[in-house]
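A.B. asks: My file is coords_2.txt. It has compact mmCIF, C-alpha atoms:
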# COMPACT_ATOMS: atom_id res chain seq x y z
CA ASN A 1 13.07 17.56 -1.60
CA ALA A 2 10.93 15.22 0.45
CA GLY A 3 13.93 13.16 1.66
CA VAL A 4 12.77 9.69 2.70
CA THR A 5 9.06 8.94 2.58
CA GLN A 6 7.29 5.90 3.98
CA THR A 7 3.76 4.60 3.54
CA PRO A 8 1.62 3.84 5.36
CA LYS A 9 2.18 5.74 8.64
CA PHE A 10 0.03 3.34 10.64
CA GLN A 11 -1.24 -0.17 9.97
CA VAL A 12 -3.15 -2.80 11.91
CA LEU A 13 -3.03 -6.38 10.63
CA LYS A 14 -4.46 -9.66 11.76
CA THR A 15 -2.15 -12.61 12.26
CA GLY A 16 -1.45 -14.28 8.93
CA GLN A 17 -2.22 -11.26 6.76
CA SER A 18 0.36 -9.91 4.38
CA MET A 19 1.38 -6.38 3.54
CA THR A 20 4.11 -4.31 1.93
CA LEU A 21 5.71 -1.25 3.46
CA GLN A 22 6.83 1.25 0.87
CA CYS A 23 9.88 3.50 1.05
CA ALA A 24 11.21 6.04 -1.44
CA GLN A 25 14.06 8.56 -1.39
CA ASP A 26 14.72 11.48 -3.69
CA MET A 27 18.37 12.12 -2.76
CA ASN A 28 19.89 9.81 -5.40
CA HIS A 29 21.35 7.66 -2.62
CA ASN A 30 22.91 4.32 -3.40
CA SER A 31 22.17 2.51 -0.15
CA MET A 32 18.86 1.89 1.56
CA TYR A 33 17.94 0.17 4.82
CA TRP A 34 15.00 -1.24 6.74
CA TYR A 35 15.06 -1.23 10.56
CA ARG A 36 12.62 -2.19 13.24
CA GLN A 37 12.53 -0.49 16.61
CA ASP A 38 11.13 -2.10 19.73
CA PRO A 39 11.20 -0.60 23.23
CA GLY A 40 14.65 -1.02 24.80
CA MET A 41 16.03 -2.83 21.74
CA GLY A 42 17.37 0.05 19.72
CA LEU A 43 17.23 -0.06 15.94
CA ARG A 44 17.73 -3.52 14.50
CA LEU A 45 18.59 -3.90 10.85
CA ILE A 46 16.25 -6.17 8.91
CA TYR A 47 17.63 -5.89 5.37
CA TYR A 48 19.74 -3.44 3.46
CA SER A 49 20.58 -2.69 -0.14
CA ALA A 50 24.07 -1.37 -0.72
CA SER A 51 23.26 -0.46 -4.29
CA GLU A 52 20.53 -0.87 -6.85
CA GLY A 53 20.11 -4.54 -7.67
CA THR A 54 21.57 -5.92 -4.45
CA THR A 55 20.03 -6.82 -1.11
CA ASP A 56 21.52 -8.38 2.02
CA LYS A 57 20.23 -9.68 5.30
CA GLY A 58 20.71 -7.72 8.47
CA GLU A 59 20.36 -8.89 12.04
CA VAL A 60 16.66 -9.87 12.02
CA PRO A 61 15.58 -10.89 8.48
CA ASN A 62 13.29 -13.81 9.33
CA GLY A 63 9.67 -13.25 8.32
CA TYR A 64 10.51 -10.44 5.89
CA ASN A 65 11.37 -10.00 2.24
CA VAL A 66 12.59 -6.93 0.41
CA SER A 67 12.70 -5.58 -3.11
CA ARG A 68 14.96 -2.83 -4.40
CA LEU A 69 12.60 -1.83 -7.18
CA ASN A 70 14.91 0.87 -8.55
CA LYS A 71 17.39 3.33 -7.11
CA ARG A 72 14.63 5.33 -5.42
CA GLU A 73 12.44 2.62 -3.93
CA PHE A 74 12.99 -0.16 -1.38
CA SER A 75 9.99 -2.12 -0.15
CA LEU A 76 9.59 -4.46 2.83
CA ARG A 77 7.07 -7.30 2.69
CA LEU A 78 5.56 -9.30 5.49
CA GLU A 79 4.17 -12.47 3.92
CA SER A 80 2.36 -13.80 6.99
CA ALA A 81 2.29 -11.29 9.81
CA ALA A 82 2.84 -12.42 13.40
CA PRO A 83 2.27 -10.54 16.68
CA SER A 84 6.07 -10.55 17.19
CA GLN A 85 6.32 -8.24 14.19
CA THR A 86 4.43 -5.50 15.99
CA SER A 87 6.95 -2.68 15.90
CA VAL A 88 7.89 0.66 14.42
CA TYR A 89 9.59 0.26 11.05
CA PHE A 90 12.04 2.83 9.73
CA CYS A 91 13.46 3.09 6.27
CA ALA A 92 16.73 4.95 5.74
CA SER A 93 19.05 5.84 2.91
CA SER A 94 22.66 6.94 2.56
CA GLU A 95 25.17 7.78 -0.14
CA GLY A 96 27.10 4.63 0.67
CA GLY A 97 30.83 4.20 0.70
CA ASN A 98 32.87 5.62 3.55
CA TYR A 99 30.48 8.43 4.40
CA ASN A 100 27.46 6.81 5.91
CA GLU A 101 25.15 9.55 7.15
CA GLN A 102 21.77 7.88 7.10
CA PHE A 103 18.57 9.80 6.45
CA PHE A 104 15.52 8.25 8.07
CA GLY A 105 11.88 8.27 7.07
CA PRO A 106 9.13 9.10 9.57
CA GLY A 107 8.39 5.44 10.31
CA THR A 108 5.45 3.05 10.04
CA ARG A 109 3.75 1.92 13.24
CA LEU A 110 2.56 -1.64 12.69
CA THR A 111 0.36 -3.60 15.04
CA VAL A 112 -0.34 -7.29 14.44
CA LEU A 113 -3.28 -8.68 16.39
CA GLY B 1 24.22 -9.28 18.14
CA GLN B 2 25.56 -5.80 18.57
CA GLN B 3 29.27 -5.14 18.26
CA VAL B 4 29.00 -1.55 19.43
CA MET B 5 27.83 -1.12 23.03
CA GLN B 6 26.47 2.06 24.53
CA ILE B 7 26.49 3.03 28.18
CA PRO B 8 24.53 4.01 30.09
CA GLN B 9 21.22 2.86 28.64
CA TYR B 10 19.33 5.49 30.64
CA GLN B 11 20.50 8.88 31.86
CA HIS B 12 18.39 11.08 34.13
CA VAL B 13 19.86 14.56 34.29
CA GLN B 14 19.05 17.67 36.25
CA GLU B 15 18.56 20.63 33.94
CA GLY B 16 21.78 22.60 33.80
CA GLU B 17 24.06 19.66 34.61
CA ASP B 18 26.52 17.95 32.29
CA PHE B 19 26.58 14.30 31.27
CA THR B 20 28.46 11.91 29.01
CA THR B 21 27.40 8.84 27.08
CA TYR B 22 29.85 6.30 25.75
CA CYS B 23 30.06 4.01 22.78
CA ASN B 24 32.47 1.06 22.98
CA SER B 25 33.68 -1.46 20.44
CA SER B 26 35.81 -4.58 20.88
CA THR B 27 37.49 -3.91 17.54
CA THR B 28 38.95 -0.86 15.84
CA LEU B 29 36.40 1.21 13.96
CA SER B 30 36.98 3.06 10.72
CA ASN B 31 34.36 5.66 11.66
CA ILE B 32 31.49 6.33 13.99
CA GLN B 33 28.28 8.29 13.60
CA TRP B 34 26.01 9.74 16.26
CA TYR B 35 22.25 10.18 15.94
CA LYS B 36 19.51 11.69 18.08
CA GLN B 37 15.92 10.52 18.19
CA ARG B 38 13.33 12.69 19.90
CA PRO B 39 10.37 10.90 21.54
CA GLY B 40 7.94 9.81 18.83
CA GLY B 41 10.33 10.89 16.08
CA HIS B 42 12.90 9.34 13.81
CA PRO B 43 16.69 9.27 14.22
CA VAL B 44 18.50 12.34 12.94
CA PHE B 45 22.19 12.39 12.08
CA LEU B 46 24.37 14.53 14.35
CA ILE B 47 27.96 13.93 13.32
CA GLN B 48 30.55 11.54 11.92
CA LEU B 49 34.03 10.99 13.40
CA VAL B 50 36.78 9.40 11.36
CA LYS B 51 40.21 10.29 12.73
CA SER B 52 41.94 8.92 15.82
CA GLY B 53 41.51 11.33 18.72
CA GLU B 54 39.14 13.53 16.73
CA VAL B 55 37.05 16.02 18.68
CA LYS B 56 34.12 17.90 17.19
CA LYS B 57 31.78 20.37 18.84
CA GLN B 58 28.23 21.40 18.08
CA LYS B 59 27.22 24.14 20.50
CA ARG B 60 26.85 22.33 23.87
CA LEU B 61 27.62 18.89 22.40
CA THR B 62 31.20 17.58 22.25
CA PHE B 63 31.96 14.39 20.36
CA GLN B 64 35.23 12.51 20.71
CA PHE B 65 36.75 9.50 18.95
CA GLY B 66 39.24 7.56 21.04
CA GLU B 67 42.92 7.35 20.17
CA ALA B 68 42.60 3.63 19.50
CA LYS B 69 39.37 4.19 17.54
CA LYS B 70 37.57 1.67 19.71
CA ASN B 71 35.38 4.06 21.63
CA SER B 72 33.60 7.35 21.32
CA SER B 73 31.85 9.72 23.67
CA LEU B 74 29.20 12.40 23.53
CA HIS B 75 29.38 15.05 26.26
CA ILE B 76 26.54 17.51 26.75
CA THR B 77 27.08 20.57 28.90
CA ALA B 78 24.36 22.57 30.67
CA THR B 79 21.62 20.11 29.75
CA GLN B 80 18.37 21.62 28.51
CA THR B 81 14.90 20.12 28.07
CA THR B 82 15.53 20.15 24.32
CA ASP B 83 18.24 17.50 24.87
CA VAL B 84 15.59 14.91 25.78
CA GLY B 85 15.67 11.88 23.51
CA THR B 86 17.72 8.82 22.67
CA TYR B 87 21.27 9.14 21.39
CA PHE B 88 22.60 6.34 19.19
CA CYS B 89 26.05 5.57 17.89
CA ASP B 90 26.68 3.53 14.77
CA SER B 91 29.56 2.44 12.60
CA ASN B 92 29.30 1.30 9.02
CA ASP B 93 31.89 -1.35 9.85
CA TYR B 94 28.98 -3.27 11.31
CA LYS B 95 26.09 -3.61 8.93
CA LEU B 96 23.85 -4.96 11.62
CA SER B 97 22.17 -2.60 13.96
CA PHE B 98 22.44 0.46 16.06
CA GLY B 99 22.83 -0.12 19.79
CA ALA B 100 20.02 0.39 22.27
CA GLY B 101 21.20 3.94 22.66
CA THR B 102 21.21 6.18 25.71
CA THR B 103 17.77 7.52 26.59
CA VAL B 104 18.03 10.91 28.26
CA THR B 105 15.39 12.46 30.47
CA VAL B 106 15.74 15.89 32.03
CA ARG B 107 14.44 17.08 35.41
CA ALA B 108 13.49 20.73 35.35
Is it possible to express this structure as structure tokens?

C.D. replies:
Amino acid sequence: NAGVTQTPKFQVLKTGQSMTLQCAQDMNHNSMYWYRQDPGMGLRLIYYSASEGTTDKGEVPNGYNVSRLNKREFSLRLESAAPSQTSVYFCASSEGGNYNEQFFGPGTRLTVL
Amino acid sequence: GQQVMQIPQYQHVQEGEDFTTYCNSSTTLSNIQWYKQRPGGHPVFLIQLVKSGEVKKQKRLTFQFGEAKKNSSLHITATQTTDVGTYFCDSNDYKLSFGAGTTVTVRA
């Protein structure tokens, strides 16, 4: 089992460009999450999907959109990238319910110039 | 904002010494999870606590959930260089974010 995979690992964008970060899990988990991590700020939740077909905003959703394509895949889209979105992005998944051990992907390091 | 606060934000420890990091909430939690993130890596689940007063041990790591279920602690004994990293607590009562964590550095 690969666990949680993310593509790409690194990306450099110019201001105003768009891109989609891909995430997939092979653990048959119900819930999936997108976080961003900035120095000294911890992990901040952007969006999450409690189950297939549902998505909800987290703490910092502005500038992002998500799609829960199916149970396995949860993508994050930046429509018009801004330098403030330079960050490390982590995708995670969990079974959901009362047991919430989250499994994280390796992360995508995004730089917006 | 964050409803679960961690202290301290930074912990510099002499190798071989003990230290404790704390996770505090203003409201009662149904559960709490602890994660560790090594430098350059991704967070990895350590443990979940559910019961009031629960104590769980993993080798040199001791996790405790407070009696009122409003706080939790992680105590590491005889710190080693392998303990370097950031330790986060989280509760699925708050679908917002992890805290800033406690970043641990070790002096050899």

A.B. asks: Define the interface residues of chain B facing chain A as those within 12 Å, counting all atoms listed in the file, and report them as a PyMOL selection string.

C.D. replies: chain B and resi 1-6+9-10+29-50+86-103

A.B. asks: Residues at most 12 Å from Gln11 in chain B, counting only C-alpha atoms, excluding those fewer than 6 positions away in the same chain, as a PyMOL selection string?

C.D. replies: chain B and resi 17-22+76+79+83-87+101-107

A.B. asks: Give me the residues near Arg60 in chain B as a compact mmCIF listing (two decimals) with C-alpha atoms, in the coordinates of the input, where near means some atom within 9 Å (using all atoms listed in the file) and where sequence neighbours in that chain fewer than 2 positions away do not count.

C.D. replies:
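So result30.txt came out as:
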# COMPACT_ATOMS: atom_id res chain seq x y z
CA LYS B 57 31.78 20.37 18.84
CA GLN B 58 28.23 21.40 18.08
CA THR B 62 31.20 17.58 22.25
CA HIS B 75 29.38 15.05 26.26
CA ILE B 76 26.54 17.51 26.75
CA THR B 77 27.08 20.57 28.90
CA ALA B 78 24.36 22.57 30.67
CA THR B 79 21.62 20.11 29.75

A.B. asks: Excluding Gly66 in chain B and any residue of its chain fewer than 4 positions from it, enumerate the residues within 7 Å of it, using only C-alpha atoms, and give them as a PyMOL selection string.

C.D. replies: chain B and resi 52-53+70-72

A.B. asks: When you count only C-alpha atoms, which of these residues is closest to Ile7 in chain B: B:Val55, B:Leu74, B:Leu61, B:Ala68?

C.D. replies: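 The shortest atom-to-atom distance to Ile7 in chain B comes from B:Leu74.
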
A.B. asks: By how many Å are CA of Tyr64 in chain A and CA of Ala81 in chain A apart?

C.D. replies: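 Atom-to-atom, CA of Tyr64 in chain A to CA of Ala81 in chain A, that is 9.1 Å.
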
A.B. asks: Suppose you want the space between CA of Ala2 in chain A and CA of Ser94 in chain A; what is it in Å?

C.D. replies: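 Atom-to-atom, CA of Ala2 in chain A and CA of Ser94 in chain A are spaced 14.5 Å apart.
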
A.B. asks: Please measure the separation of CA of Leu13 in chain A and CA of Leu110 in chain A, giving the value in Å to one decimal.

C.D. replies: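 Answer for the CA of Leu13 in chain A to CA of Leu110 in chain A separation: 7.6 Å.
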
A.B. asks: Counting only C-alpha atoms, which of A:Ser51, A:Thr111, A:Gln17, A:Gln11 gets nearest to His29 in chain A?

C.D. replies: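 Using only C-alpha atoms, His29 in chain A sits closest to A:Ser51.
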
A.B. asks: Could you model N, CA, C and O atoms for range 77-94 of chain A and present them as a CSV table (one decimal), keeping the file's coordinate frame?

C.D. replies:
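And here's selection08.csv as it stands now:
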chain,number,residue,atom,x,y,z
A,77,ARG,N,8.3,-6.5,2.7
A,77,ARG,CA,7.1,-7.3,2.7
A,77,ARG,C,7.0,-8.3,3.9
A,77,ARG,O,8.0,-9.0,4.1
A,78,LEU,N,5.9,-8.3,4.5
A,78,LEU,CA,5.6,-9.3,5.5
A,78,LEU,C,4.6,-10.3,4.8
A,78,LEU,O,3.5,-9.9,4.5
A,79,GLU,N,5.0,-11.5,4.6
A,79,GLU,CA,4.2,-12.5,3.9
A,79,GLU,C,3.0,-13.0,4.8
A,79,GLU,O,1.9,-13.2,4.3
A,80,SER,N,3.3,-13.3,6.1
A,80,SER,CA,2.4,-13.8,7.0
A,80,SER,C,2.6,-13.2,8.4
A,80,SER,O,3.5,-13.7,9.1
A,81,ALA,N,2.0,-12.1,8.6
A,81,ALA,CA,2.3,-11.3,9.8
A,81,ALA,C,2.1,-12.1,11.1
A,81,ALA,O,1.1,-12.9,11.2
A,82,ALA,N,2.9,-11.8,12.1
A,82,ALA,CA,2.8,-12.4,13.4
A,82,ALA,C,2.9,-11.3,14.5
A,82,ALA,O,3.4,-10.2,14.2
A,83,PRO,N,2.3,-11.6,15.6
A,83,PRO,CA,2.3,-10.5,16.7
A,83,PRO,C,3.7,-10.1,17.0
A,83,PRO,O,3.9,-8.9,17.4
A,84,SER,N,4.7,-10.9,16.9
A,84,SER,CA,6.1,-10.6,17.2
A,84,SER,C,6.6,-9.5,16.2
A,84,SER,O,7.7,-8.9,16.5
A,85,GLN,N,5.9,-9.3,15.1
A,85,GLN,CA,6.3,-8.2,14.2
A,85,GLN,C,5.7,-6.9,14.5
A,85,GLN,O,5.9,-5.9,13.7
A,86,THR,N,4.9,-6.8,15.5
A,86,THR,CA,4.4,-5.5,16.0
A,86,THR,C,5.6,-4.6,16.4
A,86,THR,O,6.4,-5.0,17.2
A,87,SER,N,5.7,-3.5,15.7
A,87,SER,CA,7.0,-2.7,15.9
A,87,SER,C,6.8,-1.4,15.1
A,87,SER,O,5.8,-1.1,14.5
A,88,VAL,N,7.8,-0.5,15.3
A,88,VAL,CA,7.9,0.7,14.4
A,88,VAL,C,9.0,0.4,13.4
A,88,VAL,O,10.1,0.0,13.8
A,89,TYR,N,8.7,0.6,12.1
A,89,TYR,CA,9.6,0.3,11.0
A,89,TYR,C,10.1,1.6,10.4
A,89,TYR,O,9.3,2.4,10.1
A,90,PHE,N,11.4,1.7,10.3
A,90,PHE,CA,12.0,2.8,9.7
A,90,PHE,C,12.8,2.4,8.5
A,90,PHE,O,13.5,1.4,8.5
A,91,CYS,N,12.6,3.2,7.5
A,91,CYS,CA,13.5,3.1,6.3
A,91,CYS,C,14.5,4.2,6.3
A,91,CYS,O,14.2,5.3,6.8
A,92,ALA,N,15.7,3.9,5.8
A,92,ALA,CA,16.7,5.0,5.7
A,92,ALA,C,17.5,4.8,4.4
A,92,ALA,O,17.5,3.8,3.8
A,93,SER,N,18.2,5.9,4.1
A,93,SER,CA,19.0,5.8,2.9
A,93,SER,C,20.3,6.6,3.2
A,93,SER,O,20.4,7.4,4.1
A,94,SER,N,21.4,6.3,2.4
A,94,SER,CA,22.7,6.9,2.6
A,94,SER,C,23.4,6.9,1.2
A,94,SER,O,23.1,6.1,0.3
